[in-house]
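> File input-v6.txt follows (compact mmCIF, C-alpha atoms):
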```
# COMPACT_ATOMS: atom_id res chain seq x y z
CA MET A 1 -16.38 2.46 -28.05
CA LYS A 2 -17.55 4.47 -25.04
CA LYS A 3 -15.40 2.28 -22.81
CA ALA A 4 -12.35 2.93 -24.98
CA PHE A 5 -12.83 6.71 -24.75
CA VAL A 6 -13.35 6.53 -20.99
CA THR A 7 -10.19 4.40 -20.69
CA ILE A 8 -8.13 6.84 -22.76
CA GLY A 9 -9.52 9.72 -20.68
CA MET A 10 -8.60 7.91 -17.48
CA MET A 11 -5.04 7.18 -18.71
CA VAL A 12 -4.57 10.81 -19.77
CA GLY A 13 -5.95 12.01 -16.42
CA LEU A 14 -3.59 9.64 -14.58
CA ALA A 15 -0.56 10.81 -16.59
CA VAL A 16 -1.43 14.50 -16.08
CA SER A 17 -2.03 14.01 -12.33
CA LEU A 18 1.29 12.21 -11.85
CA PHE A 19 3.09 14.84 -13.96
CA LEU A 20 1.59 17.69 -11.91
CA TYR A 21 2.42 15.84 -8.69
CA ASP A 22 6.00 15.41 -9.86
CA GLN A 23 6.25 19.17 -10.44
CA THR A 24 5.40 19.81 -6.79
CA LEU A 25 8.38 17.74 -5.59
CA PRO A 26 11.68 19.55 -5.00
CA ALA A 27 14.20 19.12 -7.85
CA PRO A 28 17.38 17.25 -6.90
CA THR A 29 20.35 19.44 -6.02
CA ALA A 30 23.91 18.83 -4.90
CA GLY A 31 25.20 19.83 -1.48
CA SER A 32 25.84 18.30 1.91
CA VAL A 33 23.77 16.70 4.63
CA THR A 34 24.53 15.95 8.25
CA ILE A 35 23.87 12.38 9.26
CA VAL A 36 23.23 11.78 12.96
CA LEU A 37 23.20 8.23 14.31
CA SER A 38 21.34 8.06 17.61
CA GLU A 39 19.80 5.56 19.98
CA ALA A 40 16.46 6.42 21.60
CA GLY A 41 17.07 10.07 20.79
CA GLU A 42 20.63 10.15 22.24
CA PRO A 43 23.13 11.14 19.50
CA LEU A 44 26.07 8.72 19.13
CA GLN A 45 27.74 10.03 16.00
CA GLU A 46 27.34 13.08 13.76
CA THR A 47 29.02 13.50 10.36
CA THR A 48 28.51 15.77 7.37
CA HIS A 49 28.65 14.20 3.90
CA ALA A 50 28.61 15.75 0.45
CA PHE A 51 26.11 14.46 -2.13
CA THR A 52 25.58 14.91 -5.86
CA GLU A 53 22.36 15.32 -7.85
CA SER A 54 22.29 11.60 -8.64
CA ASP A 55 22.63 10.53 -4.98
CA THR A 56 19.84 9.18 -2.84
CA LEU A 57 20.00 8.89 0.93
CA PHE A 58 20.62 5.17 0.45
CA SER A 59 23.63 5.76 -1.83
CA VAL A 60 25.10 8.27 0.66
CA LEU A 61 24.67 5.84 3.56
CA ASP A 62 25.97 2.90 1.52
CA THR A 63 29.11 4.85 0.59
CA HIS A 64 30.00 6.07 4.07
CA TYR A 65 28.70 3.43 6.50
CA ASP A 66 28.51 -0.33 7.05
CA ILE A 67 24.84 -1.01 6.49
CA ALA A 68 22.47 -3.97 6.34
CA CYS A 69 18.94 -3.97 4.93
CA ALA A 70 15.97 -6.28 5.37
CA ASP A 71 15.60 -9.25 3.05
CA ARG A 72 12.16 -10.63 2.18
CA GLU A 73 11.92 -12.32 5.60
CA PHE A 74 13.06 -9.12 7.37
CA HIS A 75 16.47 -10.62 8.22
CA PRO A 76 19.51 -8.33 7.86
CA THR A 77 21.56 -8.71 4.70
CA THR A 78 24.43 -6.63 3.38
CA ASP A 79 23.24 -7.20 -0.20
CA CYS A 80 20.74 -4.34 0.25
CA GLU A 81 18.74 -5.13 -2.85
CA SER A 82 15.70 -2.99 -3.52
CA LEU A 83 12.62 -5.14 -2.78
CA SER A 84 8.87 -4.67 -2.81
CA PHE A 85 7.49 -4.38 0.72
CA SER A 86 3.68 -4.30 0.77
CA GLY A 87 3.86 -3.14 -2.82
CA VAL A 88 6.27 -0.27 -2.13
CA GLU A 89 9.64 -0.64 -3.82
CA GLY A 90 12.70 0.21 -1.74
CA ARG A 91 14.90 -0.84 1.14
CA ILE A 92 14.36 -1.13 4.89
CA LEU A 93 17.47 -0.21 6.87
CA LEU A 94 18.16 -2.63 9.72
CA GLU A 95 21.79 -1.87 10.59
CA ILE A 96 24.02 1.15 10.17
CA GLY A 97 27.31 1.57 12.01
CA PRO A 98 26.67 0.88 15.71
CA LEU A 99 22.85 0.79 15.30
CA LYS A 100 21.37 -2.69 14.91
CA SER A 101 17.66 -3.43 14.69
CA ASP A 102 16.01 -6.84 14.49
CA TRP A 103 12.88 -5.16 13.05
CA PHE A 104 10.56 -6.89 15.51
CA THR A 105 11.67 -5.30 18.81
CA SER A 106 13.26 -2.16 17.42
CA TYR A 107 13.48 -0.16 14.20
CA ILE A 108 15.55 2.67 12.78
CA ALA A 109 13.42 5.80 12.53
CA LEU A 110 14.28 8.38 9.90
CA ASN A 111 13.95 12.02 10.98
CA VAL A 112 14.70 15.06 8.84
CA ASN A 113 15.40 18.32 10.66
CA GLY A 114 13.76 16.95 13.79
CA GLU A 115 10.59 15.64 12.13
CA HIS A 116 9.61 12.16 10.99
CA ALA A 117 10.42 11.75 7.32
CA ALA A 118 7.53 11.20 4.91
CA TYR A 119 9.71 9.06 2.62
CA GLY A 120 12.17 6.20 3.06
CA ILE A 121 15.90 6.04 2.32
CA ASP A 122 15.26 5.43 -1.39
CA GLN A 123 12.66 8.12 -1.98
CA LEU A 124 13.68 10.95 0.36
CA ALA A 125 14.77 14.07 -1.58
CA LEU A 126 18.13 15.27 -0.25
CA GLU A 127 18.38 18.98 0.40
CA SER A 128 21.63 20.68 1.22
CA GLY A 129 21.91 21.64 4.87
CA ASP A 130 19.42 19.02 6.07
CA THR A 131 20.12 17.13 9.26
CA ILE A 132 19.06 13.52 8.85
CA GLU A 133 18.80 11.52 12.03
CA LEU A 134 18.75 7.72 12.04
CA ASP A 135 17.40 6.84 15.45
CA LEU A 136 17.24 3.29 16.83
CA VAL A 137 13.99 3.11 18.79
CA PRO A 138 12.22 0.19 20.46
CA THR A 139 8.83 -0.81 19.06
CA SER A 140 6.13 0.19 21.52
CA MET B 1 -24.11 -22.34 7.28
CA PRO B 2 -24.01 -24.91 4.44
CA VAL B 3 -20.64 -26.59 3.90
CA LYS B 4 -20.70 -25.68 0.21
CA LYS B 5 -21.08 -21.99 0.99
CA LEU B 6 -18.39 -22.13 3.66
CA THR B 7 -16.01 -23.84 1.22
CA LEU B 8 -16.77 -21.28 -1.47
CA MET B 9 -16.08 -18.43 0.93
CA ALA B 10 -12.74 -19.97 1.94
CA LEU B 11 -11.78 -20.62 -1.68
CA LEU B 12 -12.66 -17.12 -2.86
CA THR B 13 -10.84 -15.52 0.10
CA THR B 14 -7.75 -17.55 -0.86
CA LEU B 15 -8.07 -16.35 -4.44
CA LEU B 16 -8.24 -12.75 -3.21
CA LEU B 17 -5.07 -13.20 -1.17
CA ILE B 18 -3.10 -15.01 -3.87
CA GLN B 19 -3.79 -12.52 -6.64
CA GLU B 20 -2.77 -9.67 -4.34
CA GLN B 21 0.56 -11.32 -3.54
CA ALA B 22 1.12 -12.31 -7.18
CA LEU B 23 0.73 -8.65 -8.23
CA SER B 24 2.55 -7.13 -5.24
CA PHE B 25 5.54 -6.20 -7.42
CA ILE B 26 3.40 -3.44 -8.98
CA PRO B 27 2.55 -0.89 -6.25
CA ASN B 28 -1.20 -0.62 -5.64
CA VAL B 29 -2.15 -2.50 -8.79
CA GLN B 30 -4.24 -5.58 -8.08
CA PHE B 31 -7.65 -7.07 -8.72
CA SER B 32 -8.76 -6.96 -5.07
CA THR B 33 -11.40 -4.26 -5.58
CA LEU B 34 -12.76 -6.02 -8.67
CA LEU B 35 -12.97 -9.36 -6.85
CA ILE B 36 -14.44 -7.88 -3.65
CA LEU B 37 -17.23 -6.24 -5.66
CA LEU B 38 -17.73 -9.43 -7.64
CA PHE B 39 -18.08 -11.49 -4.46
CA ALA B 40 -20.32 -8.81 -2.92
CA SER B 41 -22.65 -9.12 -5.91
CA THR B 42 -23.59 -12.67 -4.92
CA PHE B 43 -22.85 -13.00 -1.21
CA LYS B 44 -24.77 -11.22 1.54
CA LEU B 45 -23.12 -8.17 3.10
CA ARG B 46 -22.50 -10.09 6.34
CA ASP B 47 -20.71 -12.90 4.46
CA SER B 48 -18.61 -10.42 2.48
CA LEU B 49 -17.51 -8.73 5.71
CA VAL B 50 -16.54 -12.10 7.22
CA MET B 51 -14.49 -12.99 4.11
CA LEU B 52 -12.73 -9.63 4.30
CA ALA B 53 -11.96 -10.10 8.01
CA VAL B 54 -10.30 -13.44 7.25
CA TYR B 55 -8.48 -11.92 4.27
CA VAL B 56 -7.11 -9.00 6.33
CA CYS B 57 -5.97 -11.33 9.14
CA ILE B 58 -4.15 -13.72 6.80
CA ASP B 59 -2.70 -10.88 4.73
CA SER B 60 -1.38 -9.19 7.89
CA LEU B 61 0.10 -12.46 9.15
CA TYR B 62 1.77 -13.04 5.79
CA MET B 63 3.20 -9.52 5.71
CA GLY B 64 4.83 -9.97 9.10
CA ALA B 65 2.62 -8.87 11.99
CA LEU B 66 -0.93 -8.48 13.22
CA ASN B 67 -0.52 -4.73 13.59
CA PRO B 68 -3.81 -2.98 14.42
CA PHE B 69 -2.48 0.24 12.89
CA TYR B 70 -2.54 -1.52 9.51
CA MET B 71 -5.29 -4.06 10.04
CA ILE B 72 -8.02 -1.64 11.14
CA PRO B 73 -7.71 0.85 8.25
CA MET B 74 -7.16 -2.03 5.81
CA TYR B 75 -10.36 -3.71 6.96
CA LEU B 76 -12.33 -0.46 6.97
CA GLY B 77 -11.01 0.38 3.49
CA TRP B 78 -11.99 -2.96 1.99
CA ALA B 79 -15.28 -3.19 3.93
CA THR B 80 -16.37 0.15 2.46
CA LEU B 81 -16.73 -1.55 -0.92
CA PRO B 82 -19.35 -4.22 -0.10
CA VAL B 83 -21.15 -1.78 2.21
CA LEU B 84 -21.46 0.81 -0.57
CA TYR B 85 -22.26 -1.91 -3.09
CA HIS B 86 -25.16 -3.23 -1.05
CA THR B 87 -26.47 0.20 -0.06
CA VAL B 88 -25.89 2.35 -3.15
CA ILE B 89 -24.93 0.33 -6.23
CA LYS B 90 -26.98 -2.87 -6.00
CA PRO B 91 -30.45 -1.38 -6.60
CA ARG B 92 -29.36 -0.13 -10.05
CA GLU B 93 -26.23 -2.13 -10.85
CA SER B 94 -24.31 -0.26 -13.53
CA ILE B 95 -20.79 -0.96 -14.68
CA TYR B 96 -19.92 2.75 -14.65
CA ALA B 97 -21.33 3.20 -11.16
CA MET B 98 -19.22 0.26 -9.97
CA ALA B 99 -16.11 1.55 -11.72
CA THR B 100 -16.68 4.96 -10.10
CA LEU B 101 -17.06 3.27 -6.72
CA GLY B 102 -13.75 1.49 -7.35
CA PHE B 103 -12.15 4.81 -8.32
CA PHE B 104 -13.18 6.59 -5.13
CA GLY B 105 -12.48 3.38 -3.19
CA GLY B 106 -8.80 3.83 -4.08
CA PHE B 107 -8.72 7.22 -2.37
CA ILE B 108 -10.86 6.12 0.59
CA TYR B 109 -8.54 3.16 1.17
CA GLY B 110 -5.47 5.42 1.20
CA VAL B 111 -6.97 8.19 3.32
CA LEU B 112 -8.18 5.74 5.99
CA PHE B 113 -4.56 4.84 6.75
CA MET B 114 -3.67 8.49 7.44
CA PRO B 115 -5.04 8.93 11.01
CA PHE B 116 -3.49 5.62 12.07
CA ALA B 117 -0.10 6.59 10.60
CA VAL B 118 -0.36 9.97 12.37
CA ILE B 119 -1.11 8.27 15.72
CA GLN B 120 1.62 5.66 15.29
CA THR B 121 4.46 7.79 13.91
CA GLY B 122 3.46 11.39 14.61
CA ILE B 123 3.90 12.25 10.93
CA ASP B 124 2.38 15.46 9.55
CA PRO B 125 -0.98 14.46 7.95
CA ARG B 126 -0.34 16.71 4.94
CA ALA B 127 3.07 15.11 4.36
CA TYR B 128 1.47 11.68 4.59
CA LEU B 129 -1.26 12.52 2.10
CA LEU B 130 1.23 14.13 -0.28
CA ALA B 131 3.52 11.08 -0.16
CA ASP B 132 0.59 8.69 -0.56
CA PHE B 133 -1.14 10.59 -3.38
CA PRO B 134 0.59 8.83 -6.33
CA PHE B 135 -0.25 5.43 -4.84
CA GLN B 136 -3.86 6.46 -4.28
CA ILE B 137 -4.31 7.69 -7.82
CA ILE B 138 -2.68 4.58 -9.28
CA MET B 139 -4.98 2.40 -7.17
CA ALA B 140 -8.02 4.50 -8.14
CA ALA B 141 -7.24 4.31 -11.88
CA SER B 142 -6.38 0.62 -11.70
CA ASN B 143 -9.65 -0.10 -9.85
CA PHE B 144 -11.66 1.92 -12.37
CA LEU B 145 -10.15 0.28 -15.45
CA THR B 146 -10.17 -3.30 -14.17
CA ILE B 147 -13.84 -3.00 -13.17
CA LEU B 148 -14.78 -1.28 -16.42
CA TRP B 149 -13.19 -3.94 -18.62
CA LEU B 150 -13.19 -7.12 -16.56
CA TYR B 151 -16.25 -7.06 -14.29
CA ALA B 152 -18.84 -8.15 -16.88
CA PRO B 153 -16.82 -10.99 -18.52
CA LEU B 154 -15.56 -12.16 -15.13
CA LYS B 155 -19.09 -12.24 -13.72
CA LYS B 156 -20.17 -14.56 -16.55
CA ILE B 157 -17.37 -17.04 -15.75
CA TYR B 158 -17.91 -16.58 -12.01
CA GLY B 159 -21.61 -17.38 -12.45
CA LEU B 160 -20.72 -20.72 -14.06
CA TYR B 161 -18.67 -21.89 -11.08
CA VAL B 162 -20.36 -20.00 -8.23
CA PRO B 163 -24.13 -20.29 -8.66
CA LYS B 164 -26.04 -17.61 -6.77
CA GLU B 165 -28.06 -20.15 -4.79
CA ALA B 166 -24.82 -21.60 -3.36
CA THR B 167 -23.95 -18.23 -1.84
CA GLN B 168 -27.26 -17.58 -0.06
```
Show me, as structure tokens, the structure contained in the file I just sent.

Amino acid sequence: MKKAFVTIGMMVGLAVSLFLYDQTLPAPTAGSVTIVLSEAGEPLQETTHAFTESDTLFSVLDTHYDIACADREFHPTTDCESLSFSGVEGRILLEIGPLKSDWFTSYIALNVNGEHAAYGIDQLALESGDTIELDLVPTS
Amino acid sequence: MPVKKLTLMALLTTLLLIQEQALSFIPNVQFSTLLILLFASTFKLRDSLVMLAVYVCIDSLYMGALNPFYMIPMYLGWATLPVLYHTVIKPRESIYAMATLGFFGGFIYGVLFMPFAVIQTGIDPRAYLLADFPFQIIMAASNFLTILWLYAPLKKIYGLYVPKEATQ
């Protein structure tokens, strides 16, 4: 009986914590973002795209660019299905427009307003006016 | 080292790896903490640390690369469990104490990755911790509940197939 109460308490605590965490995240808004494609920090292409409240960065990129994502073996595929990588659900971008990464010798870094993004292309909250840089960098 | 013990260690390490991969579709929900504590309850600390080293190497190979920025915090995170088990929990083994260890183990595991992520990517530590928080709390709760409900029954079955004398 004690175990059952502890379990219920834990589940309630988990739900409350995740709810409170969710409240700290910025609510989705509509607007426009500037996407910069660059190689080793050198900008190649810069375009501004509008987005709606239901858009994610992935949906914006998928609409406006030719992209390829990693499959389970980290090979590029245009299917771009959301997969679980190390337990985290989402997509890994390997190719976009002129940028092509093979994952092993280079990768596409995601920077927001000049800083490394804390989320990936599926989780990043879009905020109007943001400049999102996709930078092809060699692995060190 | 006796062949039987060596075989058991290899078999149990394989079990640890397989269950993790089988449950990888649910982020941070697995039985790794439960199994590591279960194995630590019969094996010596040194043996547990060897099993975890093999587990981390194979897991890293399977996931794509032997990247020290993942392997080191992963090993430290998992190794914390048998170390704390043998130093703090073992003298007065209690299911609630173990579940609490598993709970805090979830946060320790997540936080250990932070300095390595900061060094590798230059990310803001606060942003990293904020992004990782939901995964840490899910892992902590999952560890707590699996240990609370499954440790005792699993230990009975485990004792049938892995006699304590075979692990010494």
> Hey, list the chain B side of the contact with chain A: 6 Å cut-off, only C-alpha atoms, answer as a list in words.
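Residues satisfying the distance criterion: Ser24, Phe25, Pro27, Ile123 and Ala127 of chain B.
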> Tell me, in Å to one decimal, how far CA of Val29 (chain B) is from CA of Lys156 (chain B).
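About the pair CA of Val29 (chain B) and CA of Lys156 (chain B): they are 23.0 Å apart.
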> So which residues fall inside 9 Å of (17.3, -3.1, 11.9) if we count all atoms listed in the file? Mind giving them as a tab-separated table (two decimals) with C-alpha atoms, in the frame of the given file?

```tsv
chain	number	residue	atom	x	y	z
A	68	ALA	CA	22.47	-3.97	6.34
A	69	CYS	CA	18.94	-3.97	4.93
A	70	ALA	CA	15.97	-6.28	5.37
A	74	PHE	CA	13.06	-9.12	7.37
A	75	HIS	CA	16.47	-10.62	8.22
A	76	PRO	CA	19.51	-8.33	7.86
A	92	ILE	CA	14.36	-1.13	4.89
A	93	LEU	CA	17.47	-0.21	6.87
A	94	LEU	CA	18.16	-2.63	9.72
A	95	GLU	CA	21.79	-1.87	10.59
A	96	ILE	CA	24.02	1.15	10.17
A	99	LEU	CA	22.85	0.79	15.30
A	100	LYS	CA	21.37	-2.69	14.91
A	101	SER	CA	17.66	-3.43	14.69
A	102	ASP	CA	16.01	-6.84	14.49
A	103	TRP	CA	12.88	-5.16	13.05
A	104	PHE	CA	10.56	-6.89	15.51
A	106	SER	CA	13.26	-2.16	17.42
A	107	TYR	CA	13.48	-0.16	14.20
A	108	ILE	CA	15.55	2.67	12.78
A	136	LEU	CA	17.24	3.29	16.83
```
> Check the smallest atom-to-atom distance from each of B:Met1, B:Gln120, B:Ala131, B:Leu66 to Ala125 (chain A) using all atoms listed in the file, then report the winner.
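For Ala125 (chain A), the nearest of the candidates is B:Ala131.
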> Ranking A:Ile132, A:Val137, A:Cys80, A:Leu124 by minimum distance to Pro26 (chain A) and counting only C-alpha atoms, which one comes first?
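Among the listed residues, A:Leu124 lies closest to Pro26 (chain A).
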> From (28.2, 19.2, -3.5), in the file's coordinates, out to 6 Å: which residues are reached, counting all atoms listed in the file? Answer as a PyMOL selection string.
chain A and resi 30-32+50-52
> Okay, now the selection with C-alpha atoms, as a PDB file, in the frame of the given file?

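File written: again_35.pdb
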```
ATOM      1  CA  ALA A  30      23.910  18.830  -4.900  1.00  0.00           C
ATOM      2  CA  GLY A  31      25.200  19.830  -1.480  1.00  0.00           C
ATOM      3  CA  SER A  32      25.840  18.300   1.910  1.00  0.00           C
ATOM      4  CA  ALA A  50      28.610  15.750   0.450  1.00  0.00           C
ATOM      5  CA  PHE A  51      26.110  14.460  -2.130  1.00  0.00           C
ATOM      6  CA  THR A  52      25.580  14.910  -5.860  1.00  0.00           C
TER       7      THR A  52
END
```
> Just to confirm, what's the straight-line distance from CA of Asp79 (chain A) to CA of Ser54 (chain A) in Å (one decimal)?
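A separation of 20.6 Å between them.
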> Report as a list of chain:residue names all protein, DNA and RNA residues lying within 6 Å of Phe144 (chain B), evaluated on only C-alpha atoms, omitting residues in the same chain fewer than 5 positions from it.
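My list of contacting residues is B:Ala99, B:Gly102, B:Phe103.
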> What does the structure give for the distance between CA of Pro153 (chain B) and CA of Phe31 (chain B), in Å to one decimal?
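Between CA of Pro153 (chain B) and CA of Phe31 (chain B) the gap works out to 14.0 Å.
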> Write out as number ranges by chain each polymer residue whose atoms come within 7 Å of Ser38 (chain A), counting all atoms listed in the file; drop sequence neighbours fewer than 6 positions from it.
A: 44-45, 134-136
> Axis-aligned box over every listed atom of region 106-121 of chain A, padded by 8 Å per side: centre and edges in Å to one decimal, as AutoDock Vina command-line options?

```
--center_x 11.7 --center_y 8.1 --center_z 9.9 --size_x 24.4 --size_y 36.5 --size_z 31.1
```
> Taking all atoms listed in the file into account, which of A:Asp71, A:Leu61, A:Pro138, A:Asp130 comes nearest Gly97 (chain A)?
A:Leu61
> Would you pick out the contacts of Tyr62 (chain B) at 12 Å or less, using all atoms listed in the file, so that residues sharing its chain but fewer than 2 positions from it are not included, and give the list as a list in words?
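My list of contacting residues is Arg72, Glu73, Phe85 and Ser86 of chain A; Leu17, Ile18, Glu20, Gln21, Tyr55, Val56, Cys57, Ile58, Asp59, Ser60, Gly64, Ala65, Leu66 and Asn67 of chain B.
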> Can you tell me, as a PyMOL selection string, what residues are no more than 8 Å from Thr48 (chain A) when counting all atoms listed in the file, ignoring any on the same chain fewer than 4 positions away?
chain A and resi 32-35
> Taking all atoms listed in the file into account, which of A:Val36, A:Leu57, A:Ala27, A:Ile8 comes nearest Gly114 (chain A)?
A:Val36
> Fix up region 59-72 of chain B with N, CA and C atoms, then write it as a CSV table (one decimal), in the coordinates of the input.

```csv
chain,number,residue,atom,x,y,z
B,59,ASP,N,-3.6,-11.8,5.4
B,59,ASP,CA,-2.7,-10.9,4.7
B,59,ASP,C,-1.7,-10.2,5.7
B,60,SER,N,-2.2,-9.8,6.9
B,60,SER,CA,-1.4,-9.2,7.9
B,60,SER,C,-0.4,-10.2,8.4
B,61,LEU,N,-0.8,-11.4,8.7
B,61,LEU,CA,0.1,-12.5,9.2
B,61,LEU,C,1.2,-12.7,8.1
B,62,TYR,N,0.8,-12.8,6.9
B,62,TYR,CA,1.8,-13.0,5.8
B,62,TYR,C,2.8,-11.9,5.7
B,63,MET,N,2.3,-10.7,5.9
B,63,MET,CA,3.2,-9.5,5.7
B,63,MET,C,4.1,-9.3,6.9
B,64,GLY,N,3.9,-10.1,8.0
B,64,GLY,CA,4.8,-10.0,9.1
B,64,GLY,C,4.3,-9.8,10.5
B,65,ALA,N,3.1,-9.1,10.6
B,65,ALA,CA,2.6,-8.9,12.0
B,65,ALA,C,1.1,-8.5,12.0
B,66,LEU,N,0.5,-8.9,13.1
B,66,LEU,CA,-0.9,-8.5,13.2
B,66,LEU,C,-1.0,-7.1,13.9
B,67,ASN,N,-0.6,-6.1,13.1
B,67,ASN,CA,-0.5,-4.7,13.6
B,67,ASN,C,-1.9,-4.0,13.4
B,68,PRO,N,-2.5,-3.6,14.5
B,68,PRO,CA,-3.8,-3.0,14.4
B,68,PRO,C,-3.8,-1.7,13.6
B,69,PHE,N,-2.6,-1.0,13.6
B,69,PHE,CA,-2.5,0.2,12.9
B,69,PHE,C,-2.6,0.0,11.4
B,70,TYR,N,-2.3,-1.2,10.9
B,70,TYR,CA,-2.5,-1.5,9.5
B,70,TYR,C,-3.9,-2.3,9.3
B,71,MET,N,-4.1,-3.2,10.2
B,71,MET,CA,-5.3,-4.1,10.0
B,71,MET,C,-6.6,-3.3,10.1
B,72,ILE,N,-6.7,-2.4,11.0
B,72,ILE,CA,-8.0,-1.6,11.1
B,72,ILE,C,-8.3,-0.8,9.9
```
